[in-house]
>>> print(open('model-v8.pdb').read())   # PDB, C-alpha atoms, pLDDT in the B column
MODEL        1
ATOM      1  CA  MET Q1151      10.411  20.864  40.439  1.00 56.00           C
ATOM      2  CA  ASN Q1152       9.953  23.149  37.507  1.00 89.00           C
ATOM      3  CA  ALA Q1153       7.754  24.101  34.606  1.00 93.00           C
ATOM      4  CA  LYS Q1154       9.509  21.665  32.250  1.00 94.00           C
ATOM      5  CA  ARG Q1155       8.559  18.701  34.454  1.00 94.00           C
ATOM      6  CA  ILE Q1156       4.947  19.944  34.738  1.00 96.00           C
ATOM      7  CA  ASN Q1157       4.847  20.315  30.951  1.00 96.00           C
ATOM      8  CA  GLU Q1158       6.011  16.724  30.529  1.00 95.00           C
ATOM      9  CA  LEU Q1159       3.545  15.330  33.071  1.00 95.00           C
ATOM     10  CA  PHE Q1160       0.492  17.194  31.782  1.00 96.00           C
ATOM     11  CA  ARG Q1161       1.223  16.264  28.193  1.00 95.00           C
ATOM     12  CA  GLU Q1162       1.920  12.627  29.109  1.00 95.00           C
ATOM     13  CA  LYS Q1163      -1.317  12.358  31.121  1.00 95.00           C
ATOM     14  CA  GLY Q1164      -3.380  14.328  28.585  1.00 96.00           C
ATOM     15  CA  ARG Q1165      -4.573  16.815  31.216  1.00 97.00           C
ATOM     16  CA  THR Q1166      -5.146  20.569  31.005  1.00 98.00           C
ATOM     17  CA  LEU Q1167      -4.159  23.396  33.356  1.00 98.00           C
ATOM     18  CA  CYS Q1168      -4.897  27.054  34.051  1.00 98.00           C
ATOM     19  CA  SER Q1169      -3.988  29.547  36.763  1.00 98.00           C
ATOM     20  CA  ALA Q1170      -5.567  32.340  38.802  1.00 98.00           C
ATOM     21  CA  GLU Q1171      -2.914  34.617  40.244  1.00 98.00           C
ATOM     22  CA  SER Q1172      -2.824  37.557  42.579  1.00 98.00           C
ATOM     23  CA  PHE Q1173       0.498  38.340  44.316  1.00 97.00           C
ATOM     24  CA  THR Q1174       2.431  36.290  41.729  1.00 98.00           C
ATOM     25  CA  GLY Q1175       1.292  38.737  39.054  1.00 97.00           C
ATOM     26  CA  GLY Q1176       1.194  36.207  36.228  1.00 98.00           C
ATOM     27  CA  ASN Q1177       4.673  34.827  36.920  1.00 98.00           C
ATOM     28  CA  PHE Q1178       3.387  31.260  37.180  1.00 98.00           C
ATOM     29  CA  ALA Q1179       1.752  31.464  33.740  1.00 98.00           C
ATOM     30  CA  GLY Q1180       4.900  33.089  32.390  1.00 97.00           C
ATOM     31  CA  GLU Q1181       7.048  30.273  33.750  1.00 97.00           C
ATOM     32  CA  ILE Q1182       4.765  27.607  32.259  1.00 98.00           C
ATOM     33  CA  THR Q1183       4.616  29.242  28.830  1.00 97.00           C
ATOM     34  CA  LYS Q1184       8.398  29.617  28.563  1.00 96.00           C
ATOM     35  CA  VAL Q1185       8.552  25.873  27.923  1.00 95.00           C
ATOM     36  CA  PRO Q1186       7.888  24.799  24.326  1.00 95.00           C
ATOM     37  CA  GLY Q1187       4.718  22.739  24.045  1.00 93.00           C
ATOM     38  CA  ALA Q1188       2.783  24.484  26.820  1.00 96.00           C
ATOM     39  CA  SER Q1189       0.012  25.268  24.347  1.00 96.00           C
ATOM     40  CA  HIS Q1190      -0.856  21.564  24.361  1.00 96.00           C
ATOM     41  CA  PHE Q1191      -2.081  21.704  27.971  1.00 97.00           C
ATOM     42  CA  PHE Q1192      -2.072  25.270  29.385  1.00 98.00           C
ATOM     43  CA  LYS Q1193      -5.353  26.990  28.507  1.00 98.00           C
ATOM     44  CA  GLY Q1194      -4.738  30.370  30.124  1.00 98.00           C
ATOM     45  CA  ALA Q1195      -4.490  32.497  33.224  1.00 98.00           C
ATOM     46  CA  PHE Q1196      -6.328  35.100  35.225  1.00 98.00           C
ATOM     47  CA  VAL Q1197      -4.159  37.782  36.805  1.00 98.00           C
ATOM     48  CA  THR Q1198      -6.445  39.223  39.464  1.00 98.00           C
ATOM     49  CA  TYR Q1199      -4.119  41.450  41.416  1.00 95.00           C
ATOM     50  CA  PHE Q1200      -6.857  43.905  42.388  1.00 94.00           C
ATOM     51  CA  THR Q1201      -9.840  42.739  44.460  1.00 95.00           C
ATOM     52  CA  GLU Q1202     -12.325  43.949  41.863  1.00 96.00           C
ATOM     53  CA  ALA Q1203     -10.679  41.711  39.251  1.00 97.00           C
ATOM     54  CA  LYS Q1204     -11.407  38.680  41.420  1.00 98.00           C
ATOM     55  CA  VAL Q1205     -15.060  39.727  41.455  1.00 97.00           C
ATOM     56  CA  ARG Q1206     -15.387  40.586  37.762  1.00 97.00           C
ATOM     57  CA  LEU Q1207     -13.156  37.966  36.132  1.00 98.00           C
ATOM     58  CA  LEU Q1208     -13.636  35.006  38.457  1.00 98.00           C
ATOM     59  CA  GLY Q1209     -17.113  35.803  39.770  1.00 98.00           C
ATOM     60  CA  ILE Q1210     -16.158  35.584  43.435  1.00 98.00           C
ATOM     61  CA  PRO Q1211     -18.870  37.399  45.397  1.00 97.00           C
ATOM     62  CA  TYR Q1212     -17.548  40.596  46.948  1.00 96.00           C
ATOM     63  CA  GLU Q1213     -19.286  39.619  50.198  1.00 97.00           C
ATOM     64  CA  GLU Q1214     -17.079  36.517  50.462  1.00 96.00           C
ATOM     65  CA  LEU Q1215     -13.921  38.510  49.839  1.00 96.00           C
ATOM     66  CA  ASP Q1216     -15.037  41.009  52.449  1.00 95.00           C
ATOM     67  CA  LYS Q1217     -15.897  38.252  54.946  1.00 96.00           C
ATOM     68  CA  TYR Q1218     -12.738  36.128  54.596  1.00 97.00           C
ATOM     69  CA  GLY Q1219     -10.282  38.623  53.138  1.00 96.00           C
ATOM     70  CA  VAL Q1220      -8.323  38.413  49.940  1.00 97.00           C
ATOM     71  CA  VAL Q1221      -5.444  36.761  51.795  1.00 97.00           C
ATOM     72  CA  SER Q1222      -7.250  33.590  52.869  1.00 98.00           C
ATOM     73  CA  ALA Q1223      -7.666  29.896  52.201  1.00 98.00           C
ATOM     74  CA  GLU Q1224     -11.282  30.544  51.170  1.00 98.00           C
ATOM     75  CA  THR Q1225     -10.205  33.008  48.480  1.00 98.00           C
ATOM     76  CA  ALA Q1226      -7.489  30.668  47.184  1.00 98.00           C
ATOM     77  CA  MET Q1227     -10.069  27.891  46.962  1.00 98.00           C
ATOM     78  CA  GLN Q1228     -12.565  30.089  45.091  1.00 98.00           C
ATOM     79  CA  MET Q1229      -9.914  31.385  42.715  1.00 98.00           C
ATOM     80  CA  ALA Q1230      -8.708  27.902  41.761  1.00 98.00           C
ATOM     81  CA  SER Q1231     -12.104  26.250  41.444  1.00 98.00           C
ATOM     82  CA  ARG Q1232     -13.700  29.127  39.514  1.00 98.00           C
ATOM     83  CA  ALA Q1233     -10.762  29.435  37.106  1.00 98.00           C
ATOM     84  CA  ARG Q1234     -10.922  25.692  36.420  1.00 98.00           C
ATOM     85  CA  LEU Q1235     -14.656  25.856  35.716  1.00 98.00           C
ATOM     86  CA  ILE Q1236     -14.451  28.994  33.556  1.00 98.00           C
ATOM     87  CA  LEU Q1237     -11.630  27.664  31.363  1.00 98.00           C
ATOM     88  CA  LYS Q1238     -12.850  24.057  31.518  1.00 98.00           C
ATOM     89  CA  THR Q1239      -9.527  22.563  32.577  1.00 98.00           C
ATOM     90  CA  ASP Q1240      -8.676  19.439  34.518  1.00 97.00           C
ATOM     91  CA  TYR Q1241      -6.521  21.379  36.990  1.00 98.00           C
ATOM     92  CA  ALA Q1242      -6.096  24.944  38.175  1.00 98.00           C
ATOM     93  CA  VAL Q1243      -3.651  26.567  40.543  1.00 98.00           C
ATOM     94  CA  SER Q1244      -4.235  29.805  42.440  1.00 98.00           C
ATOM     95  CA  PHE Q1245      -2.040  32.172  44.399  1.00 98.00           C
ATOM     96  CA  THR Q1246      -3.163  34.805  46.876  1.00 98.00           C
ATOM     97  CA  GLY Q1247      -1.267  36.324  49.748  1.00 97.00           C
ATOM     98  CA  ASN Q1248       0.998  39.013  51.035  1.00 96.00           C
ATOM     99  CA  ALA Q1249       4.410  39.098  49.389  1.00 94.00           C
ATOM    100  CA  GLY Q1250       5.389  42.073  51.554  1.00 90.00           C
ATOM    101  CA  PRO Q1251       7.012  44.129  52.714  1.00 89.00           C
ATOM    102  CA  ASP Q1252       4.082  45.537  54.740  1.00 88.00           C
ATOM    103  CA  THR Q1253       1.211  43.916  56.645  1.00 88.00           C
ATOM    104  CA  MET Q1254      -1.981  43.457  54.584  1.00 88.00           C
ATOM    105  CA  GLU Q1255      -5.393  42.638  56.077  1.00 90.00           C
ATOM    106  CA  ASN Q1256      -3.563  42.096  59.380  1.00 91.00           C
ATOM    107  CA  LYS Q1257      -1.599  39.301  57.668  1.00 93.00           C
ATOM    108  CA  PRO Q1258       2.195  39.414  57.851  1.00 95.00           C
ATOM    109  CA  ALA Q1259       4.437  39.579  54.833  1.00 93.00           C
ATOM    110  CA  GLY Q1260       5.032  36.041  53.581  1.00 96.00           C
ATOM    111  CA  GLU Q1261       1.614  34.651  54.494  1.00 97.00           C
ATOM    112  CA  VAL Q1262       0.363  33.177  51.241  1.00 98.00           C
ATOM    113  CA  TYR Q1263      -2.179  30.615  50.091  1.00 98.00           C
ATOM    114  CA  VAL Q1264      -1.893  28.253  47.150  1.00 98.00           C
ATOM    115  CA  GLY Q1265      -4.978  26.500  45.805  1.00 98.00           C
ATOM    116  CA  ILE Q1266      -4.962  23.387  43.642  1.00 98.00           C
ATOM    117  CA  SER Q1267      -8.277  22.451  42.059  1.00 98.00           C
ATOM    118  CA  SER Q1268      -8.864  19.305  40.056  1.00 96.00           C
ATOM    119  CA  TYR Q1269     -11.845  17.528  38.629  1.00 89.00           C
ATOM    120  CA  ARG Q1270     -11.792  15.476  41.872  1.00 91.00           C
ATOM    121  CA  LYS Q1271     -11.155  18.018  44.649  1.00 95.00           C
ATOM    122  CA  THR Q1272      -9.884  21.441  45.622  1.00 96.00           C
ATOM    123  CA  GLN Q1273      -7.244  21.916  48.302  1.00 97.00           C
ATOM    124  CA  THR Q1274      -5.585  24.987  49.753  1.00 98.00           C
ATOM    125  CA  TYR Q1275      -2.254  25.322  51.454  1.00 98.00           C
ATOM    126  CA  LYS Q1276      -1.133  28.068  53.826  1.00 98.00           C
ATOM    127  CA  LEU Q1277       2.533  28.983  53.587  1.00 98.00           C
ATOM    128  CA  ASN Q1278       4.528  31.279  55.819  1.00 98.00           C
ATOM    129  CA  LEU Q1279       7.457  32.311  53.660  1.00 97.00           C
ATOM    130  CA  SER Q1280      10.330  34.705  54.179  1.00 96.00           C
ATOM    131  CA  GLY Q1281      12.581  36.749  51.971  1.00 95.00           C
ATOM    132  CA  SER Q1282      12.126  39.495  49.421  1.00 96.00           C
ATOM    133  CA  ARG Q1283       8.954  39.826  47.354  1.00 95.00           C
ATOM    134  CA  GLU Q1284      10.678  37.978  44.521  1.00 96.00           C
ATOM    135  CA  GLU Q1285      11.784  35.181  46.854  1.00 97.00           C
ATOM    136  CA  VAL Q1286       8.269  34.788  48.283  1.00 97.00           C
ATOM    137  CA  VAL Q1287       6.828  34.553  44.763  1.00 97.00           C
ATOM    138  CA  ARG Q1288       9.469  32.002  43.717  1.00 97.00           C
ATOM    139  CA  GLN Q1289       8.955  29.857  46.816  1.00 98.00           C
ATOM    140  CA  ALA Q1290       5.169  29.845  46.329  1.00 98.00           C
ATOM    141  CA  MET Q1291       5.546  28.867  42.671  1.00 98.00           C
ATOM    142  CA  ASP Q1292       8.006  26.088  43.535  1.00 97.00           C
ATOM    143  CA  PHE Q1293       5.529  24.763  46.093  1.00 98.00           C
ATOM    144  CA  ALA Q1294       2.723  24.858  43.502  1.00 98.00           C
ATOM    145  CA  PHE Q1295       4.839  22.934  40.978  1.00 97.00           C
ATOM    146  CA  GLN Q1296       5.467  20.291  43.643  1.00 97.00           C
ATOM    147  CA  MET Q1297       1.766  20.022  44.570  1.00 97.00           C
ATOM    148  CA  LEU Q1298       0.694  19.861  40.918  1.00 97.00           C
ATOM    149  CA  GLU Q1299       3.156  17.054  40.282  1.00 95.00           C
ATOM    150  CA  GLN Q1300       1.826  15.173  43.291  1.00 95.00           C
ATOM    151  CA  ALA Q1301      -1.803  15.736  42.269  1.00 95.00           C
ATOM    152  CA  ILE Q1302      -1.360  14.536  38.702  1.00 94.00           C
ATOM    153  CA  LEU Q1303       0.755  11.525  39.685  1.00 92.00           C
ATOM    154  CA  GLU Q1304      -1.866  10.494  42.252  1.00 90.00           C
ATOM    155  CA  ASN Q1305      -4.662  11.313  39.778  1.00 83.00           C
ATOM    156  CA  ASN Q1306      -6.277  13.702  42.276  1.00 73.00           C
TER     157      ASN Q1306
ENDMDL
END
>>> encode(input="model-v8.pdb", output="structure tokens")
Amino acid sequence: MNAKRINELFREKGRTLCSAESFTGGNFAGEITKVPGASHFFKGAFVTYFTEAKVRLLGIPYEELDKYGVVSAETAMQMASRARLILKTDYAVSFTGNAGPDTMENKPAGEVYVGISSYRKTQTYKLNLSGSREEVVRQAMDFAFQMLEQAILENN
């Protein structure tokens, strides 16, 4: 699964997409926008690497981030759903987690969460990945492409 296939599907279905990224550092948005025609469906991205950016740009209450942690299913869900509402898109994908190499919030390197929010529902997925930082980012993005394809084909 790749950005070209997502581009084709979103354009064919007439749906829009945005992203809210933390450990991926905008790589998902970069991958999407490398494909000609992305401007027809991709409205934008939030790169909220720092906790304060999640509060200021996405409006996630600091108390929730403090309660659940930045590396959590709850944060992935908030990031995806808030990004979708702010940019008024049909779908949003979010990435939060620990790409390594050190432990973060008592979470091991490779523990990441991907959120997929649509006009119908928001789901989060916990992944335990291995490899270098770059490999963890790539694996998470590949998973998100797969879940987005599934969501749009099932109209979820």
>>> residues_around(input="model-v8.pdb", residues="Q:Val1221", least_positions_apart="5", cutoff="7 Å", atoms="all atoms listed in the file", output="PyMOL selection string")
chain Q and resi 1246-1248+1262
>>> write_last_selection(input="model-v8.pdb", atoms="C-alpha atoms", output="PDB file, keeping the file's coordinate frame")
ATOM      1  CA  THR Q1246      -3.163  34.805  46.876  1.00 98.00           C
ATOM      2  CA  GLY Q1247      -1.267  36.324  49.748  1.00 97.00           C
ATOM      3  CA  ASN Q1248       0.998  39.013  51.035  1.00 96.00           C
ATOM      4  CA  VAL Q1262       0.363  33.177  51.241  1.00 98.00           C
TER       5      VAL Q1262
END
>>> residues_near_point(input="model-v8.pdb", point="(-9.5, 29.8, 42.7)", cutoff="12 Å", atoms="all atoms listed in the file", output="JSON, numbers by chain")
{"Q": [1168, 1169, 1170, 1171, 1172, 1195, 1196, 1197, 1198, 1204, 1205, 1207, 1208, 1209, 1210, 1220, 1222, 1223, 1224, 1225, 1226, 1227, 1228, 1229, 1230, 1231, 1232, 1233, 1234, 1235, 1236, 1237, 1241, 1242, 1243, 1244, 1245, 1246, 1263, 1264, 1265, 1266, 1267, 1268, 1272, 1273, 1274]}
>>> resolve_selection(input="model-v8.pdb", expression="the PyMOL selection byres ((chain Q and resi 1281) around 12)", output="ChimeraX atom specification")
/Q:1248-1251,1259-1261,1278-1280,1282-1290
>>> closest_residue(input="model-v8.pdb", among="Q:Thr1166, Q:Lys1193, Q:Thr1174, Q:Tyr1199", to="Q:Ala1294", atoms="all atoms listed in the file")
Q:Thr1174
>>> resolve_selection(input="model-v8.pdb", expression="the PyMOL selection byres ((chain Q and resi 1182-1190) around 8)", output="PyMOL selection string")
chain Q and resi 1153-1154+1157+1161+1166+1178-1181+1191-1193
>>> atom_distance(input="model-v8.pdb", atom1="atom CA of Q:Leu1159", atom2="atom CA of Q:Lys1276")
24.8 Å
>>> atom_distance(input="model-v8.pdb", atom1="atom CA of Q:Gly1176", atom2="atom CA of Q:Ala1203")
13.4 Å
>>> residues_around(input="model-v8.pdb", residues="Q:Gln1300", least_positions_apart="4", cutoff="12 Å", atoms="all atoms listed in the file", output="list of chain:residue names")
Q:Met1151, Q:Arg1155, Q:Ile1156, Q:Leu1159, Q:Phe1160, Q:Ile1266, Q:Ser1268, Q:Phe1293, Q:Ala1294, Q:Phe1295, Q:Gln1296, Q:Glu1304, Q:Asn1305, Q:Asn1306
>>> atom_distance(input="model-v8.pdb", atom1="atom CA of Q:Asp1292", atom2="atom CA of Q:Asn1152")
7.0 Å
>>> closest_residue(input="model-v8.pdb", among="Q:Glu1213, Q:Glu1158, Q:Phe1173, Q:Pro1258", to="Q:Leu1303", atoms="all atoms listed in the file")
Q:Glu1158
>>> axis_aligned_box(input="model-v8.pdb", around="stretch 1187-1197 of chain Q", padding_each_side="6 Å", output="lines of an AutoDock Vina configuration file")
center_x = -0.8
center_y = 29.7
center_z = 30.4
size_x = 23.0
size_y = 28.2
size_z = 24.8
